[in-house]
Amino acid sequence: MTHHLLTGKKGLIFGALNDKSIAWKVAERAHEEGASFVLTNTPVSMRLGTINELAKRCNTVVIPADATNVADLENLVTKGQEHLGGKFDFILHSIGMSPNVRKGRTYDDLDYAYFQQTLDISAISFHKILQVCHKQDAINEWGSVVALSYVAAQRTLYGYNDMADAKAVLESIARSFGYIYGREKNVRINTISQSPTMTTAGSGIMGFENLVDFAERMSPLGNATAAECADFVITLFSDLTRKVTMQNLFHDGGYSSMGMSFRAMKIYNEGLEYRDVKNDLRKIINK
Ligand SMILES: NC(=O)c1ccc[n+]([C@@H]2O[C@H](COP(=O)([O-])OP(=O)(O)OC[C@H]3O[C@@H](n4cnc5c(N)ncnc54)[C@H](O)[C@@H]3O)[C@@H](O)[C@H]2O)c1
């Protein structure tokens with residue numbers, strides 16, 4: 001269902017790799033809501049993924065850029081505005097990658113060159129995008145910028161590795177730049193902390209299927225899907241949320257406010273059975 005929430009708005013969307021990507025779903029929804037936008041990804045991801053198919057469907061172009069490379073970003077921001085015929089009203093940062101995770105390096109055995117790449121790709125790229133836009137004055141008054149984060153910025157989750165540090169930096173950049181861009185241009189900058197979601201980046205995390213299952217059991221509303229995340233992003237791009245800025249907004253079915261749920265406890269209880277814990281304790285928990 002369309003509400004024309006983005007009619008006449010122009011945007012820039014980073015991070016659509018394939019139809020599982022959160023950025024892909026955001027692009028589809030933004031198109032439905034009447035926005036025009038430019039898509040971007042690295043040349044390698046453009047070859048490995050299917051972003052050109054998305055561009056065709058949304059009647060737009062893909063301008064390649066490595067989000068860690070300032071010259072690429074300057075070119076993208078200039079060309080993007082030329083293509084759209086004006087400044088951006090919204091930007092989505094949906095970028096994440098950890099070479100340490102990819103190579104199976106654990107948090108107590110990090111490769112530091114990889115660690116710097118993790119931070120550069122997954123967090124500092126956000127600052128670079130904002131700084132390039134700020135210098136080119138490329139975002140309209142009351143524009144909206146959103147980046148995607150994860151609860152591992154606040155809580156330790158086994159296997160999330162150095163991406164947790166990257167997300168903490170990402171959320172901090174949203175606050176620090178949110179102050180400057182808000183004060184000067186009324187531009188709002190927020191992060192959305194999304195449920196674990198079956199995408200290419202997500203499934204690279206160690207034990208990801210178990211993490212998805214655990215989060216599903218812990219969340220009273222269940223995990224949020226990529227499509228539901230896209231709906232939430234659209235509200236933040238719309239004019240209905242003009243005074244929301246410098247926030248990390250949890251979009252996780254309630255997970256981040258839980259300590260233990262009945263459904264998760266049940267699994268724990270099954271584990272306890274093996275350890276011969278008294279039956280009556282099990283009965284209490286199963287109630
Ligand atoms: N999937 C999850 O469980 C989950 C949960 C919370 C937050 N997130 C975040 O959502 C965002 C999108 O991830 P996704 O799950 O849709 O996976 P995805 O793999 O579809 O998207 C990640 C994107 O990052 C891009 N990218 C990597 N290096 C880049 C670079 N140097 N320059 C530009 N782009 C680059 C990739 O090409 C890819 O398109 C990420 O920030 C991720 O951390 C994902």
# chains A, B, ... in the order shown; residues from 1 in each chain; ligands from 1

$ select_by_dssp --residues "segment 43-230 of chain A" --states "alpha helix (DSSP H)" --output "PyMOL selection string"
chain A and resi 43-48+51-57+70-84+99-102+112-119+125-136+163-185+208-218+226-230

$ residues_near_ligand --ligand "ligand 1" --cutoff "6 Å" --atoms "only C-alpha atoms and all ligand atoms" --output "PyMOL selection string"
chain A and resi 15-17+21-23+41-42+45+66-68+94-97+121+148-150+193-202

$ write_last_selection --atoms "N, CA and C atoms" --output "PDB file, in the first residue's frame"
ATOM      1  N   GLY A  15      24.159   0.458  -0.594  1.00  0.00           N
ATOM      2  CA  GLY A  15      24.177  -0.873   0.022  1.00  0.00           C
ATOM      3  C   GLY A  15      23.239  -1.929  -0.514  1.00  0.00           C
ATOM      4  N   ALA A  16      22.578  -1.697  -1.673  1.00  0.00           N
ATOM      5  CA  ALA A  16      21.750  -2.778  -2.236  1.00  0.00           C
ATOM      6  C   ALA A  16      22.657  -3.728  -3.013  1.00  0.00           C
ATOM      7  N   LEU A  17      22.786  -4.936  -2.533  1.00  0.00           N
ATOM      8  CA  LEU A  17      23.621  -5.953  -3.190  1.00  0.00           C
ATOM      9  C   LEU A  17      22.731  -6.897  -3.999  1.00  0.00           C
ATOM     10  N   SER A  21      18.998  -7.737   0.465  1.00  0.00           N
ATOM     11  CA  SER A  21      19.558  -6.566   1.148  1.00  0.00           C
ATOM     12  C   SER A  21      18.475  -5.659   1.717  1.00  0.00           C
ATOM     13  N   ILE A  22      18.754  -5.111   2.897  1.00  0.00           N
ATOM     14  CA  ILE A  22      17.818  -4.154   3.489  1.00  0.00           C
ATOM     15  C   ILE A  22      17.684  -2.933   2.568  1.00  0.00           C
ATOM     16  N   ALA A  23      18.812  -2.494   1.992  1.00  0.00           N
ATOM     17  CA  ALA A  23      18.780  -1.324   1.096  1.00  0.00           C
ATOM     18  C   ALA A  23      17.903  -1.579  -0.136  1.00  0.00           C
ATOM     19  N   ASN A  41      26.914   1.364  -5.120  1.00  0.00           N
ATOM     20  CA  ASN A  41      27.617   0.273  -4.434  1.00  0.00           C
ATOM     21  C   ASN A  41      29.032   0.212  -5.019  1.00  0.00           C
ATOM     22  N   THR A  42      29.877  -0.651  -4.479  1.00  0.00           N
ATOM     23  CA  THR A  42      31.233  -0.767  -5.026  1.00  0.00           C
ATOM     24  C   THR A  42      31.172  -1.475  -6.385  1.00  0.00           C
ATOM     25  N   SER A  45      30.818  -5.230  -5.866  1.00  0.00           N
ATOM     26  CA  SER A  45      29.474  -5.659  -5.450  1.00  0.00           C
ATOM     27  C   SER A  45      28.476  -5.536  -6.595  1.00  0.00           C
ATOM     28  N   ASP A  66      33.210   3.402  -3.840  1.00  0.00           N
ATOM     29  CA  ASP A  66      33.654   2.745  -2.617  1.00  0.00           C
ATOM     30  C   ASP A  66      33.451   3.779  -1.516  1.00  0.00           C
ATOM     31  N   ALA A  67      32.625   3.449  -0.531  1.00  0.00           N
ATOM     32  CA  ALA A  67      32.247   4.450   0.485  1.00  0.00           C
ATOM     33  C   ALA A  67      33.400   4.802   1.429  1.00  0.00           C
ATOM     34  N   THR A  68      34.534   4.128   1.300  1.00  0.00           N
ATOM     35  CA  THR A  68      35.712   4.502   2.109  1.00  0.00           C
ATOM     36  C   THR A  68      36.591   5.505   1.352  1.00  0.00           C
ATOM     37  N   SER A  94      23.633   1.813   4.259  1.00  0.00           N
ATOM     38  CA  SER A  94      23.315   0.419   4.587  1.00  0.00           C
ATOM     39  C   SER A  94      24.522  -0.445   4.212  1.00  0.00           C
ATOM     40  N   ILE A  95      25.631  -0.167   4.904  1.00  0.00           N
ATOM     41  CA  ILE A  95      26.948  -0.710   4.531  1.00  0.00           C
ATOM     42  C   ILE A  95      27.580  -1.374   5.740  1.00  0.00           C
ATOM     43  N   GLY A  96      28.053  -2.591   5.567  1.00  0.00           N
ATOM     44  CA  GLY A  96      28.776  -3.248   6.655  1.00  0.00           C
ATOM     45  C   GLY A  96      29.623  -4.376   6.138  1.00  0.00           C
ATOM     46  N   MET A  97      30.829  -4.479   6.661  1.00  0.00           N
ATOM     47  CA  MET A  97      31.710  -5.609   6.296  1.00  0.00           C
ATOM     48  C   MET A  97      32.887  -5.655   7.263  1.00  0.00           C
ATOM     49  N   ILE A 121      35.034   0.779   6.635  1.00  0.00           N
ATOM     50  CA  ILE A 121      33.893   0.421   5.773  1.00  0.00           C
ATOM     51  C   ILE A 121      32.567   0.615   6.521  1.00  0.00           C
ATOM     52  N   LEU A 148      22.165   2.002   9.271  1.00  0.00           N
ATOM     53  CA  LEU A 148      21.673   0.790   9.943  1.00  0.00           C
ATOM     54  C   LEU A 148      22.674   0.269  10.954  1.00  0.00           C
ATOM     55  N   SER A 149      22.166   0.005  12.165  1.00  0.00           N
ATOM     56  CA  SER A 149      23.022  -0.464  13.242  1.00  0.00           C
ATOM     57  C   SER A 149      22.493  -1.767  13.827  1.00  0.00           C
ATOM     58  N   TYR A 150      23.148  -2.198  14.913  1.00  0.00           N
ATOM     59  CA  TYR A 150      22.757  -3.463  15.555  1.00  0.00           C
ATOM     60  C   TYR A 150      23.003  -3.344  17.050  1.00  0.00           C
ATOM     61  N   SER A 193      18.490   0.407  14.766  1.00  0.00           N
ATOM     62  CA  SER A 193      19.098  -0.836  15.252  1.00  0.00           C
ATOM     63  C   SER A 193      18.144  -1.981  14.932  1.00  0.00           C
ATOM     64  N   GLN A 194      18.485  -2.724  13.899  1.00  0.00           N
ATOM     65  CA  GLN A 194      17.584  -3.706  13.278  1.00  0.00           C
ATOM     66  C   GLN A 194      17.793  -5.109  13.863  1.00  0.00           C
ATOM     67  N   SER A 195      16.721  -5.906  13.894  1.00  0.00           N
ATOM     68  CA  SER A 195      16.806  -7.328  14.271  1.00  0.00           C
ATOM     69  C   SER A 195      17.790  -8.046  13.363  1.00  0.00           C
ATOM     70  N   PRO A 196      18.350  -9.191  13.826  1.00  0.00           N
ATOM     71  CA  PRO A 196      19.133 -10.000  12.897  1.00  0.00           C
ATOM     72  C   PRO A 196      18.271 -10.409  11.697  1.00  0.00           C
ATOM     73  N   THR A 197      18.818 -10.275  10.510  1.00  0.00           N
ATOM     74  CA  THR A 197      18.052 -10.429   9.272  1.00  0.00           C
ATOM     75  C   THR A 197      18.870 -11.265   8.293  1.00  0.00           C
ATOM     76  N   MET A 198      18.223 -12.223   7.648  1.00  0.00           N
ATOM     77  CA  MET A 198      18.941 -13.126   6.733  1.00  0.00           C
ATOM     78  C   MET A 198      19.333 -12.419   5.431  1.00  0.00           C
ATOM     79  N   THR A 199      20.515 -11.812   5.439  1.00  0.00           N
ATOM     80  CA  THR A 199      21.052 -11.158   4.241  1.00  0.00           C
ATOM     81  C   THR A 199      22.472 -11.677   4.039  1.00  0.00           C
ATOM     82  N   THR A 200      23.131 -11.208   2.998  1.00  0.00           N
ATOM     83  CA  THR A 200      24.500 -11.670   2.746  1.00  0.00           C
ATOM     84  C   THR A 200      25.418 -11.265   3.900  1.00  0.00           C
ATOM     85  N   ALA A 201      25.336  -9.987   4.340  1.00  0.00           N
ATOM     86  CA  ALA A 201      26.191  -9.527   5.445  1.00  0.00           C
ATOM     87  C   ALA A 201      25.828 -10.269   6.729  1.00  0.00           C
ATOM     88  N   GLY A 202      24.530 -10.390   7.007  1.00  0.00           N
ATOM     89  CA  GLY A 202      24.084 -11.033   8.247  1.00  0.00           C
ATOM     90  C   GLY A 202      24.577 -12.461   8.360  1.00  0.00           C
TER      91      GLY A 202
END

$ residues_around --residues "Thr245 of chain A" --least-positions-apart "3" --cutoff "8 Å" --atoms "only C-alpha atoms" --output "MDAnalysis selection string"
chainID A and resid 175 178 182 188:190 242

$ write_last_selection --atoms "C-alpha atoms" --output "CSV table (one decimal), in the first residue's frame"
chain,number,residue,atom,x,y,z
A,175,ARG,CA,24.9,12.0,17.2
A,178,GLY,CA,23.5,15.2,13.8
A,182,GLY,CA,20.7,19.9,12.6
A,188,ARG,CA,18.2,15.0,10.9
A,189,ILE,CA,20.6,12.0,11.3
A,190,ASN,CA,19.5,8.7,13.0
A,242,ARG,CA,11.0,16.1,11.3

$ closest_residue --among "A:Asn18, A:Thr225, A:Thr156, A:Ser144" --to "Leu130 of chain A" --atoms "only C-alpha atoms"
A:Ser144

$ select_by_dssp --residues "segment 196-269 of chain A" --states "strand (DSSP E)" --output "PyMOL selection string"
chain A and resi 248-251

$ write_last_selection --atoms "N, CA and C atoms" --output "PDB file, in the first residue's frame"
ATOM      1  N   ASN A 248      19.353   6.582  18.253  1.00  0.00           N
ATOM      2  CA  ASN A 248      19.478   5.205  17.798  1.00  0.00           C
ATOM      3  C   ASN A 248      18.140   4.545  18.091  1.00  0.00           C
ATOM      4  N   LEU A 249      17.397   4.207  17.045  1.00  0.00           N
ATOM      5  CA  LEU A 249      16.020   3.728  17.192  1.00  0.00           C
ATOM      6  C   LEU A 249      15.962   2.215  17.016  1.00  0.00           C
ATOM      7  N   PHE A 250      15.541   1.542  18.061  1.00  0.00           N
ATOM      8  CA  PHE A 250      15.496   0.070  17.979  1.00  0.00           C
ATOM      9  C   PHE A 250      14.287  -0.379  17.164  1.00  0.00           C
ATOM     10  N   HIS A 251      14.557  -1.213  16.174  1.00  0.00           N
ATOM     11  CA  HIS A 251      13.499  -1.788  15.336  1.00  0.00           C
ATOM     12  C   HIS A 251      13.705  -3.295  15.403  1.00  0.00           C
TER      13      HIS A 251
END

$ closest_atom_pairs --of "segment 6-40 of chain A" --to "segment 51-63 of chain A" --cutoff "10 Å" --atoms "only C-alpha atoms" --output "CSV"
residue,atom,partner,partner_atom,distance
A:Leu12,CA,A:Ile63,CA,10.0
A:Ile13,CA,A:Val62,CA,9.6
A:Phe14,CA,A:Val62,CA,9.9
A:Gly15,CA,A:Ile51,CA,9.2
A:Ala16,CA,A:Ile51,CA,6.2
A:Leu17,CA,A:Ile51,CA,5.8
A:Asn18,CA,A:Ile51,CA,6.3
A:Asp19,CA,A:Leu54,CA,8.3
A:Trp24,CA,A:Leu54,CA,7.4
A:Lys25,CA,A:Leu54,CA,9.8
A:Ala27,CA,A:Cys58,CA,7.6
A:Glu28,CA,A:Cys58,CA,7.0
A:Arg29,CA,A:Cys58,CA,9.9
A:Ala30,CA,A:Cys58,CA,9.1
A:His31,CA,A:Cys58,CA,6.1
A:Glu32,CA,A:Cys58,CA,8.8
A:Ala35,CA,A:Cys58,CA,9.6
A:Ser36,CA,A:Thr60,CA,7.6
A:Phe37,CA,A:Thr60,CA,6.8
A:Val38,CA,A:Val61,CA,5.8
A:Leu39,CA,A:Val62,CA,4.7
A:Thr40,CA,A:Ile63,CA,5.1

$ write_last_selection --atoms "N, CA and C atoms" --output "short mmCIF file (atom, residue, chain, number, x, y, z; two decimals), in the first residue's frame"
data_model
loop_
_atom_site.label_atom_id
_atom_site.label_comp_id
_atom_site.auth_asym_id
_atom_site.auth_seq_id
_atom_site.Cartn_x
_atom_site.Cartn_y
_atom_site.Cartn_z
N LEU A 12 19.59 9.22 -2.06
CA LEU A 12 20.80 8.46 -2.39
C LEU A 12 20.81 7.22 -1.50
N ILE A 13 20.88 6.04 -2.12
CA ILE A 13 20.78 4.79 -1.36
C ILE A 13 22.04 3.95 -1.55
N PHE A 14 22.76 3.74 -0.44
CA PHE A 14 23.96 2.90 -0.43
C PHE A 14 23.59 1.49 0.03
N GLY A 15 24.16 0.46 -0.59
CA GLY A 15 24.18 -0.87 0.02
C GLY A 15 23.24 -1.93 -0.51
N ALA A 16 22.58 -1.70 -1.67
CA ALA A 16 21.75 -2.78 -2.24
C ALA A 16 22.66 -3.73 -3.01
N LEU A 17 22.79 -4.94 -2.53
CA LEU A 17 23.62 -5.95 -3.19
C LEU A 17 22.73 -6.90 -4.00
N ASN A 18 21.72 -7.44 -3.33
CA ASN A 18 20.77 -8.35 -3.98
C ASN A 18 19.40 -8.19 -3.32
N ASP A 19 18.43 -9.01 -3.73
CA ASP A 19 17.06 -8.77 -3.25
C ASP A 19 16.85 -9.12 -1.78
N TRP A 24 17.86 -2.81 -0.60
CA TRP A 24 17.03 -3.18 -1.76
C TRP A 24 15.56 -2.93 -1.43
N LYS A 25 15.17 -3.40 -0.22
CA LYS A 25 13.76 -3.25 0.20
C LYS A 25 13.42 -1.76 0.39
N ALA A 27 14.80 0.73 -1.24
CA ALA A 27 14.69 1.32 -2.58
C ALA A 27 13.30 1.00 -3.18
N GLU A 28 12.86 -0.23 -3.05
CA GLU A 28 11.55 -0.60 -3.60
C GLU A 28 10.43 0.22 -2.95
N ARG A 29 10.51 0.36 -1.61
CA ARG A 29 9.47 1.11 -0.90
C ARG A 29 9.53 2.60 -1.24
N ALA A 30 10.76 3.14 -1.34
CA ALA A 30 10.92 4.57 -1.66
C ALA A 30 10.33 4.84 -3.05
N HIS A 31 10.57 3.91 -3.97
CA HIS A 31 10.02 4.04 -5.33
C HIS A 31 8.48 4.05 -5.26
N GLU A 32 7.93 3.11 -4.52
CA GLU A 32 6.46 3.05 -4.36
C GLU A 32 5.89 4.34 -3.78
N ALA A 35 9.40 8.58 -4.48
CA ALA A 35 10.71 9.24 -4.49
C ALA A 35 11.46 8.94 -5.77
N SER A 36 12.39 9.83 -6.13
CA SER A 36 13.39 9.48 -7.15
C SER A 36 14.74 9.45 -6.43
N PHE A 37 15.61 8.55 -6.84
CA PHE A 37 16.88 8.38 -6.13
C PHE A 37 17.91 7.75 -7.03
N VAL A 38 19.16 7.85 -6.55
CA VAL A 38 20.30 7.21 -7.22
C VAL A 38 20.76 6.07 -6.32
N LEU A 39 21.13 4.95 -6.93
CA LEU A 39 21.67 3.81 -6.18
C LEU A 39 23.18 3.81 -6.30
N THR A 40 23.85 3.25 -5.28
CA THR A 40 25.30 3.12 -5.38
C THR A 40 25.80 1.90 -4.63
#

$ atom_distance --atom1 "atom CA of Phe208 of chain A" --atom2 "atom CA of Ala153 of chain A"
16.8 Å

$ closest_residue --among "A:Met260, A:Ile129, A:Ala168, A:Ile205" --to "Asn69 of chain A" --atoms "only C-alpha atoms"
A:Ile129

$ atom_distance --atom1 "atom CA of Pro64 of chain A" --atom2 "atom CA of Asp111 of chain A"
28.2 Å

$ atom_distance --atom1 "atom CA of Leu170 of chain A" --atom2 "atom CA of Ala123 of chain A"
4.6 Å

$ residues_around --residues "Asp162 of chain A" --least-positions-apart "2" --cutoff "8 Å" --atoms "only C-alpha atoms" --output "list in words"
Ser98, Asn100, Val101, Tyr107, Phe115, Thr118, Tyr160, Ala164, Asp165 and Ala166 of chain A

$ residues_around --residues "Tyr158 of chain A" --least-positions-apart "4" --cutoff "9 Å" --atoms "only C-alpha atoms" --output "PDB file with N, CA and C atoms, in the first residue's frame"
ATOM      1  N   MET A 206      29.199 -15.576  12.738  1.00  0.00           N
ATOM      2  CA  MET A 206      29.295 -16.935  13.289  1.00  0.00           C
ATOM      3  C   MET A 206      28.009 -17.300  14.049  1.00  0.00           C
ATOM      4  N   GLY A 207      27.434 -18.461  13.772  1.00  0.00           N
ATOM      5  CA  GLY A 207      26.242 -18.920  14.487  1.00  0.00           C
ATOM      6  C   GLY A 207      25.016 -18.065  14.220  1.00  0.00           C
ATOM      7  N   LEU A 211      21.443 -17.127  16.353  1.00  0.00           N
ATOM      8  CA  LEU A 211      21.202 -15.759  16.819  1.00  0.00           C
ATOM      9  C   LEU A 211      19.805 -15.298  16.383  1.00  0.00           C
TER      10      LEU A 211
END

$ residues_around --residues "Ala138 of chain A" --least-positions-apart "2" --cutoff "9 Å" --atoms "only C-alpha atoms" --output "VMD selection string"
chain A and resid 77 to 78 81 86 to 89 132 to 136 140

$ closest_residue --among "A:Met163, A:Leu92, A:Gly85, A:Ile139" --to "Lys185 of chain A" --atoms "only C-alpha atoms"
A:Ile139

$ closest_residue --among "A:Asp137, A:Glu74, A:Glu216, A:Glu209" --to "Ala264 of chain A" --atoms "only C-alpha atoms"
A:Glu216

$ closest_residue --among "A:Gly254, A:Gly80, A:Gly143, A:Gly204" --to "Asn223 of chain A" --atoms "only C-alpha atoms"
A:Gly254

$ closest_residue --among "A:Ala71, A:Leu110, A:Ala226, A:Leu119" --to "Val169 of chain A" --atoms "only C-alpha atoms"
A:Leu119

$ decode --residues "segment 3-24 of chain A" --atoms "C-alpha atoms" --output "PDB file, in the first residue's frame"
ATOM      1  CA  HIS A   3       0.846   6.622   1.085  1.00  0.00           C
ATOM      2  CA  HIS A   4       2.795   8.974  -1.224  1.00  0.00           C
ATOM      3  CA  LEU A   5       5.028   9.801   1.743  1.00  0.00           C
ATOM      4  CA  LEU A   6       8.037  10.619  -0.436  1.00  0.00           C
ATOM      5  CA  THR A   7       6.406  12.254  -3.445  1.00  0.00           C
ATOM      6  CA  GLY A   8       8.840  14.748  -4.979  1.00  0.00           C
ATOM      7  CA  LYS A   9      11.733  13.740  -2.713  1.00  0.00           C
ATOM      8  CA  LYS A  10      15.204  12.899  -4.019  1.00  0.00           C
ATOM      9  CA  GLY A  11      17.586  10.449  -2.416  1.00  0.00           C
ATOM     10  CA  LEU A  12      20.801   8.465  -2.391  1.00  0.00           C
ATOM     11  CA  ILE A  13      20.778   4.794  -1.362  1.00  0.00           C
ATOM     12  CA  PHE A  14      23.956   2.898  -0.427  1.00  0.00           C
ATOM     13  CA  GLY A  15      24.177  -0.873   0.022  1.00  0.00           C
ATOM     14  CA  ALA A  16      21.750  -2.778  -2.236  1.00  0.00           C
ATOM     15  CA  LEU A  17      23.621  -5.953  -3.190  1.00  0.00           C
ATOM     16  CA  ASN A  18      20.766  -8.354  -3.983  1.00  0.00           C
ATOM     17  CA  ASP A  19      17.062  -8.769  -3.248  1.00  0.00           C
ATOM     18  CA  LYS A  20      17.828  -9.873   0.332  1.00  0.00           C
ATOM     19  CA  SER A  21      19.558  -6.566   1.148  1.00  0.00           C
ATOM     20  CA  ILE A  22      17.818  -4.154   3.489  1.00  0.00           C
ATOM     21  CA  ALA A  23      18.780  -1.324   1.096  1.00  0.00           C
ATOM     22  CA  TRP A  24      17.026  -3.175  -1.756  1.00  0.00           C
TER      23      TRP A  24
END
